[in-house]
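Engineer: This is target_7.pdb (PDB, C-alpha atoms).
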```
ATOM      1  CA  MET Q   7     -27.953  12.498 -34.710  1.00  0.00           C
ATOM      2  CA  LEU Q   8     -29.296  10.033 -32.106  1.00  0.00           C
ATOM      3  CA  LYS Q   9     -26.298   7.728 -32.666  1.00  0.00           C
ATOM      4  CA  TYR Q  10     -23.922  10.657 -32.181  1.00  0.00           C
ATOM      5  CA  THR Q  11     -25.699  11.722 -28.967  1.00  0.00           C
ATOM      6  CA  LEU Q  12     -25.628   8.169 -27.570  1.00  0.00           C
ATOM      7  CA  PHE Q  13     -21.942   7.875 -28.470  1.00  0.00           C
ATOM      8  CA  LEU Q  14     -21.176  11.178 -26.771  1.00  0.00           C
ATOM      9  CA  VAL Q  15     -23.070  10.196 -23.593  1.00  0.00           C
ATOM     10  CA  LEU Q  16     -21.279   6.826 -23.504  1.00  0.00           C
ATOM     11  CA  ALA Q  17     -17.874   8.420 -24.095  1.00  0.00           C
ATOM     12  CA  LEU Q  18     -18.417  10.973 -21.341  1.00  0.00           C
ATOM     13  CA  SER Q  19     -19.566   8.355 -18.838  1.00  0.00           C
ATOM     14  CA  ILE Q  20     -16.570   6.130 -19.615  1.00  0.00           C
ATOM     15  CA  SER Q  21     -14.136   9.044 -19.326  1.00  0.00           C
ATOM     16  CA  GLY Q  22     -15.758  10.060 -16.023  1.00  0.00           C
ATOM     17  CA  SER Q  23     -15.293   6.524 -14.751  1.00  0.00           C
ATOM     18  CA  CYS Q  24     -11.648   6.530 -15.862  1.00  0.00           C
ATOM     19  CA  ILE Q  25     -11.020   9.842 -14.115  1.00  0.00           C
ATOM     20  CA  ALA Q  26     -12.579   8.450 -10.914  1.00  0.00           C
ATOM     21  CA  GLN Q  27     -10.341   5.354 -11.147  1.00  0.00           C
ATOM     22  CA  ILE Q  28      -7.245   7.509 -11.653  1.00  0.00           C
ATOM     23  CA  LYS Q  29      -8.180   9.691  -8.665  1.00  0.00           C
ATOM     24  CA  THR Q  30      -8.835   6.619  -6.489  1.00  0.00           C
ATOM     25  CA  GLY Q  31      -5.508   5.088  -7.517  1.00  0.00           C
ATOM     26  CA  SER Q  32      -3.712   8.314  -6.700  1.00  0.00           C
ATOM     27  CA  THR Q  33      -5.421   8.519  -3.292  1.00  0.00           C
ATOM     28  CA  ILE Q  34      -4.463   4.936  -2.450  1.00  0.00           C
ATOM     29  CA  LEU Q  35      -0.849   5.458  -3.544  1.00  0.00           C
ATOM     30  CA  ASP Q  36      -0.661   8.684  -1.511  1.00  0.00           C
ATOM     31  CA  THR Q  37      -1.970   6.761   1.511  1.00  0.00           C
ATOM     32  CA  GLU Q  38       0.600   4.052   0.910  1.00  0.00           C
ATOM     33  CA  GLN Q  39       3.435   6.584   0.669  1.00  0.00           C
ATOM     34  CA  ARG Q  40       2.337   8.211   3.946  1.00  0.00           C
ATOM     35  CA  ARG Q  41       2.331   4.736   5.531  1.00  0.00           C
ATOM     36  CA  PHE Q  42       5.881   4.044   4.304  1.00  0.00           C
ATOM     37  CA  THR Q  43       6.987   7.416   5.696  1.00  0.00           C
ATOM     38  CA  ALA Q  44       5.308   6.711   9.058  1.00  0.00           C
ATOM     39  CA  MET Q  45       7.136   3.365   9.222  1.00  0.00           C
ATOM     40  CA  VAL Q  46      10.526   5.011   8.560  1.00  0.00           C
ATOM     41  CA  GLU Q  47       9.790   7.797  11.067  1.00  0.00           C
ATOM     42  CA  LYS Q  48       8.545   5.246  13.637  1.00  0.00           C
ATOM     43  CA  ASP Q  49       5.309   7.241  13.906  1.00  0.00           C
ATOM     44  CA  THR Q  50       3.259   4.362  15.271  1.00  0.00           C
ATOM     45  CA  GLU Q  51       0.476   6.709  16.374  1.00  0.00           C
ATOM     46  CA  LEU Q  52      -0.154   7.783  12.779  1.00  0.00           C
ATOM     47  CA  LEU Q  53       0.573   4.307  11.453  1.00  0.00           C
ATOM     48  CA  SER Q  54      -2.065   2.831  13.756  1.00  0.00           C
ATOM     49  CA  THR Q  55      -4.735   4.955  12.051  1.00  0.00           C
ATOM     50  CA  MET Q  56      -3.685   3.636   8.643  1.00  0.00           C
ATOM     51  CA  LEU Q  57      -3.901  -0.056   9.504  1.00  0.00           C
ATOM     52  CA  ASP Q  58      -7.084  -2.091   9.672  1.00  0.00           C
ATOM     53  CA  ASN Q  59      -7.669  -3.874  12.992  1.00  0.00           C
ATOM     54  CA  GLU Q  60      -7.700  -7.157  11.042  1.00  0.00           C
ATOM     55  CA  LEU Q  61      -4.279  -6.506   9.465  1.00  0.00           C
ATOM     56  CA  GLN Q  62      -2.289  -9.542   8.388  1.00  0.00           C
ATOM     57  CA  TYR Q  63       1.290  -8.516   7.599  1.00  0.00           C
ATOM     58  CA  LEU Q  64       3.476 -11.163   5.983  1.00  0.00           C
ATOM     59  CA  HIS Q  65       7.130 -10.205   5.590  1.00  0.00           C
ATOM     60  CA  SER Q  66       9.387 -11.543   2.839  1.00  0.00           C
ATOM     61  CA  ASN Q  67      11.189 -13.753   5.388  1.00  0.00           C
ATOM     62  CA  GLY Q  68       7.935 -15.483   6.337  1.00  0.00           C
ATOM     63  CA  LEU Q  69       7.406 -13.532   9.574  1.00  0.00           C
ATOM     64  CA  TYR Q  70       3.687 -12.959  10.202  1.00  0.00           C
ATOM     65  CA  GLU Q  71       2.378 -10.050  12.285  1.00  0.00           C
ATOM     66  CA  THR Q  72      -0.987  -8.737  13.384  1.00  0.00           C
ATOM     67  CA  LYS Q  73      -1.589  -5.000  13.592  1.00  0.00           C
ATOM     68  CA  GLN Q  74      -0.471  -4.833  17.216  1.00  0.00           C
ATOM     69  CA  GLN Q  75       2.595  -7.003  16.611  1.00  0.00           C
ATOM     70  CA  HIS Q  76       3.599  -4.861  13.633  1.00  0.00           C
ATOM     71  CA  LEU Q  77       3.246  -1.631  15.614  1.00  0.00           C
ATOM     72  CA  THR Q  78       5.126  -3.111  18.586  1.00  0.00           C
ATOM     73  CA  ALA Q  79       8.005  -4.320  16.373  1.00  0.00           C
ATOM     74  CA  ILE Q  80       8.423  -0.815  14.946  1.00  0.00           C
ATOM     75  CA  ALA Q  81       8.012   1.015  18.281  1.00  0.00           C
ATOM     76  CA  SER Q  82      10.489  -1.286  20.067  1.00  0.00           C
ATOM     77  CA  GLY Q  83      13.111  -1.042  17.332  1.00  0.00           C
ATOM     78  CA  LYS Q  84      12.967  -4.801  16.679  1.00  0.00           C
ATOM     79  CA  ILE Q  85      12.517  -3.729  13.077  1.00  0.00           C
ATOM     80  CA  ASP Q  86      13.932  -0.355  12.129  1.00  0.00           C
ATOM     81  CA  TYR Q  87      12.878   0.790   8.665  1.00  0.00           C
ATOM     82  CA  GLN Q  88      15.448   3.346   7.541  1.00  0.00           C
ATOM     83  CA  ALA Q  89      14.268   3.845   3.949  1.00  0.00           C
ATOM     84  CA  MET Q  90      11.352   2.650   1.832  1.00  0.00           C
ATOM     85  CA  ALA Q  91      11.480   3.759  -1.793  1.00  0.00           C
ATOM     86  CA  ARG Q  92       8.626   2.584  -3.986  1.00  0.00           C
ATOM     87  CA  GLN Q  93       9.551   2.150  -7.621  1.00  0.00           C
ATOM     88  CA  PRO Q  94       7.519   3.898 -10.345  1.00  0.00           C
ATOM     89  CA  ASN Q  95       4.355   2.470 -11.868  1.00  0.00           C
ATOM     90  CA  PRO Q  96       2.710   0.350  -9.192  1.00  0.00           C
ATOM     91  CA  ILE Q  97      -0.559  -1.192 -10.343  1.00  0.00           C
ATOM     92  CA  VAL Q  98      -3.751  -0.244  -8.492  1.00  0.00           C
ATOM     93  CA  ARG Q  99      -6.982  -2.160  -9.039  1.00  0.00           C
ATOM     94  CA  ARG Q 100     -10.187  -1.243  -7.235  1.00  0.00           C
ATOM     95  CA  TYR Q 101     -13.160  -3.488  -6.584  1.00  0.00           C
ATOM     96  CA  GLY Q 102     -15.735  -1.435  -4.709  1.00  0.00           C
ATOM     97  CA  LYS Q 103     -14.391  -0.815  -1.200  1.00  0.00           C
ATOM     98  CA  ILE Q 104     -11.372  -3.071  -1.764  1.00  0.00           C
ATOM     99  CA  ALA Q 105      -8.218  -2.054  -3.639  1.00  0.00           C
ATOM    100  CA  LEU Q 106      -5.141  -4.081  -4.536  1.00  0.00           C
ATOM    101  CA  VAL Q 107      -1.712  -2.582  -5.114  1.00  0.00           C
ATOM    102  CA  ASN Q 108       1.110  -4.519  -6.749  1.00  0.00           C
ATOM    103  CA  GLY Q 109       4.469  -2.839  -6.714  1.00  0.00           C
ATOM    104  CA  LEU Q 110       8.169  -2.918  -6.071  1.00  0.00           C
ATOM    105  CA  VAL Q 111       9.741  -1.206  -3.070  1.00  0.00           C
ATOM    106  CA  ASN Q 112      13.369  -1.011  -1.968  1.00  0.00           C
ATOM    107  CA  VAL Q 113      13.589  -1.371   1.805  1.00  0.00           C
ATOM    108  CA  ASN Q 114      16.624  -0.672   3.983  1.00  0.00           C
ATOM    109  CA  GLY Q 115      16.818  -1.088   7.724  1.00  0.00           C
ATOM    110  CA  LEU Q 116      17.725  -3.209  10.700  1.00  0.00           C
ATOM    111  CA  ILE Q 117      16.013  -6.285  12.070  1.00  0.00           C
ATOM    112  CA  ASN Q 118      17.194  -7.358  15.498  1.00  0.00           C
ATOM    113  CA  GLY Q 119      20.251  -5.159  14.941  1.00  0.00           C
ATOM    114  CA  GLN Q 120      21.194  -6.774  11.616  1.00  0.00           C
ATOM    115  CA  SER Q 121      21.129  -4.562   8.534  1.00  0.00           C
ATOM    116  CA  PHE Q 122      19.150  -5.497   5.460  1.00  0.00           C
ATOM    117  CA  SER Q 123      18.587  -4.009   2.037  1.00  0.00           C
ATOM    118  CA  LEU Q 124      15.935  -5.680  -0.068  1.00  0.00           C
ATOM    119  CA  PRO Q 125      14.048  -5.069  -3.263  1.00  0.00           C
ATOM    120  CA  LEU Q 126      10.555  -6.419  -2.555  1.00  0.00           C
ATOM    121  CA  ARG Q 127       7.641  -7.194  -4.827  1.00  0.00           C
ATOM    122  CA  TYR Q 128       4.480  -6.740  -2.847  1.00  0.00           C
ATOM    123  CA  THR Q 129       0.751  -7.024  -2.840  1.00  0.00           C
ATOM    124  CA  ALA Q 130      -1.088  -4.648  -0.531  1.00  0.00           C
ATOM    125  CA  VAL Q 131      -4.813  -4.954   0.084  1.00  0.00           C
ATOM    126  CA  TYR Q 132      -6.682  -1.855   1.228  1.00  0.00           C
ATOM    127  CA  ARG Q 133     -10.235  -1.612   2.517  1.00  0.00           C
ATOM    128  CA  LYS Q 134     -12.203   1.624   2.484  1.00  0.00           C
ATOM    129  CA  LYS Q 135     -13.754   2.160   5.891  1.00  0.00           C
ATOM    130  CA  LYS Q 136     -15.448   5.376   7.005  1.00  0.00           C
ATOM    131  CA  GLY Q 137     -13.948   7.217   4.032  1.00  0.00           C
ATOM    132  CA  LYS Q 138     -10.344   6.090   4.671  1.00  0.00           C
ATOM    133  CA  TRP Q 139      -8.244   3.481   2.894  1.00  0.00           C
ATOM    134  CA  LEU Q 140      -6.800   1.102   5.510  1.00  0.00           C
ATOM    135  CA  LEU Q 141      -4.164  -1.569   4.938  1.00  0.00           C
ATOM    136  CA  VAL Q 142      -5.755  -4.942   5.684  1.00  0.00           C
ATOM    137  CA  ASN Q 143      -3.136  -7.253   4.166  1.00  0.00           C
ATOM    138  CA  TRP Q 144       0.511  -7.015   3.097  1.00  0.00           C
ATOM    139  CA  GLN Q 145       2.571  -9.745   1.534  1.00  0.00           C
ATOM    140  CA  SER Q 146       6.004  -9.299   0.033  1.00  0.00           C
ATOM    141  CA  THR Q 147       8.651 -11.446  -1.550  1.00  0.00           C
ATOM    142  CA  ARG Q 148      12.248 -10.716  -2.422  1.00  0.00           C
ATOM    143  CA  ALA Q 149      12.593  -9.478  -5.974  1.00  0.00           C
ATOM    144  CA  ASP Q 150      15.378 -10.269  -8.371  1.00  0.00           C
ATOM    145  CA  SER Q 151      17.906  -7.469  -7.842  1.00  0.00           C
ATOM    146  CA  LYS Q 152      18.757  -7.272 -11.558  1.00  0.00           C
TER     147      LYS Q 152
END
```
Spit out the file's structure as structure tokens when you get a sec.
Structural biologist:
Amino acid sequence: MLKYTLFLVLALSISGSCIAQIKTGSTILDTEQRRFTAMVEKDTELLSTMLDNELQYLHSNGLYETKQQHLTAIASGKIDYQAMARQPNPIVRRYGKIALVNGLVNVNGLINGQSFSLPLRYTAVYRKKKGKWLLVNWQSTRADSK
């Protein structure tokens, strides 16, 4: 009976942990989707609240931006995100107040007036600060279009 009770307690604690991980992953992915939408809608006011002040944003073409540079590029139209469609099944891993997301997103838009359409593999690093998940690092690379 004691073995059964210990097994049951262990199983419940593991399943509770798994449920918490699933909920956290869902929250982070929801935050990420809202960020993509804010970028497409050029809502830099909202976007500013979703980005950590220490943001390092590395584009697939090697362009590096800080938080302010990223917001300015979007607000000025230097980069005009017209669509950002994340592909199914991104991977979310959480380590305390840090979470990593690896995924694939199809991005369409204009940069300096030139159109682009790219499938990008990305790593996004989020930091939980005052109860909110903030993007602290983004790095993407062009994905094979096959």
Engineer: Quick one: apply the PyMOL selection byres ((chain Q and resi 137) around 12) to the file and drop the selected residues here as a count of residues only.
Structural biologist: 13
Engineer: For a test of reading the model, state the distance in Å between CA of Asp86 in chain Q and CA of Val46 in chain Q, rounded to one decimal.
Structural biologist: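 Atom-to-atom, CA of Asp86 in chain Q to CA of Val46 in chain Q, that is 7.3 Å.
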Engineer: Please provide as a list in words all residues within 12 Å of Glu51 in chain Q, with the sequence filter that same-chain residues fewer than 3 positions apart are discarded (counting all atoms listed in the file).
Structural biologist: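 The residues satisfying every condition are Arg41, Ala44, Met45, Glu47, Lys48, Ser54, Thr55, Met56, Leu57, Gln74, Leu77, Thr78, Ile80 and Ala81 of chain Q.
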Engineer: Please provide the set of residues having any atom within 9 Å of range 59-65 of chain Q, restricted to only C-alpha atoms, with same-chain residues fewer than 5 positions apart removed, written as a PyMOL selection string.
Structural biologist: chain Q and resi 54+70-74+76+140-147
Engineer: For a quick check of understanding, using all atoms listed in the file, which of Q:Glu38, Q:Ile85, Q:Met90, Q:Ser66 has the smallest distance to Gly119 in chain Q?
Structural biologist: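 The closest residue to Gly119 in chain Q is Q:Ile85.
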Engineer: Considering all atoms listed in the file, state which residue in the set Q:Phe42, Q:Ala149, Q:Leu53, Q:Gly31 is at the smallest distance from Ala105 in chain Q.
Structural biologist: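 Distance minimum relative to Ala105 in chain Q lands on Q:Gly31.
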Engineer: Would you please work out which residue, of Q:Ser32, Q:Arg99, Q:Arg40, Q:Gln88, is nearest to Leu116 in chain Q when using only C-alpha atoms?
Structural biologist: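 Under the stated criterion, the closest residue is Q:Gln88.
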Engineer: Could you tell me how far CA of Val107 in chain Q sits from CA of Asn95 in chain Q, in Å to one decimal place?
Structural biologist: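 Spanning CA of Asn95 in chain Q to CA of Val107 in chain Q is a straight-line distance of 10.4 Å.
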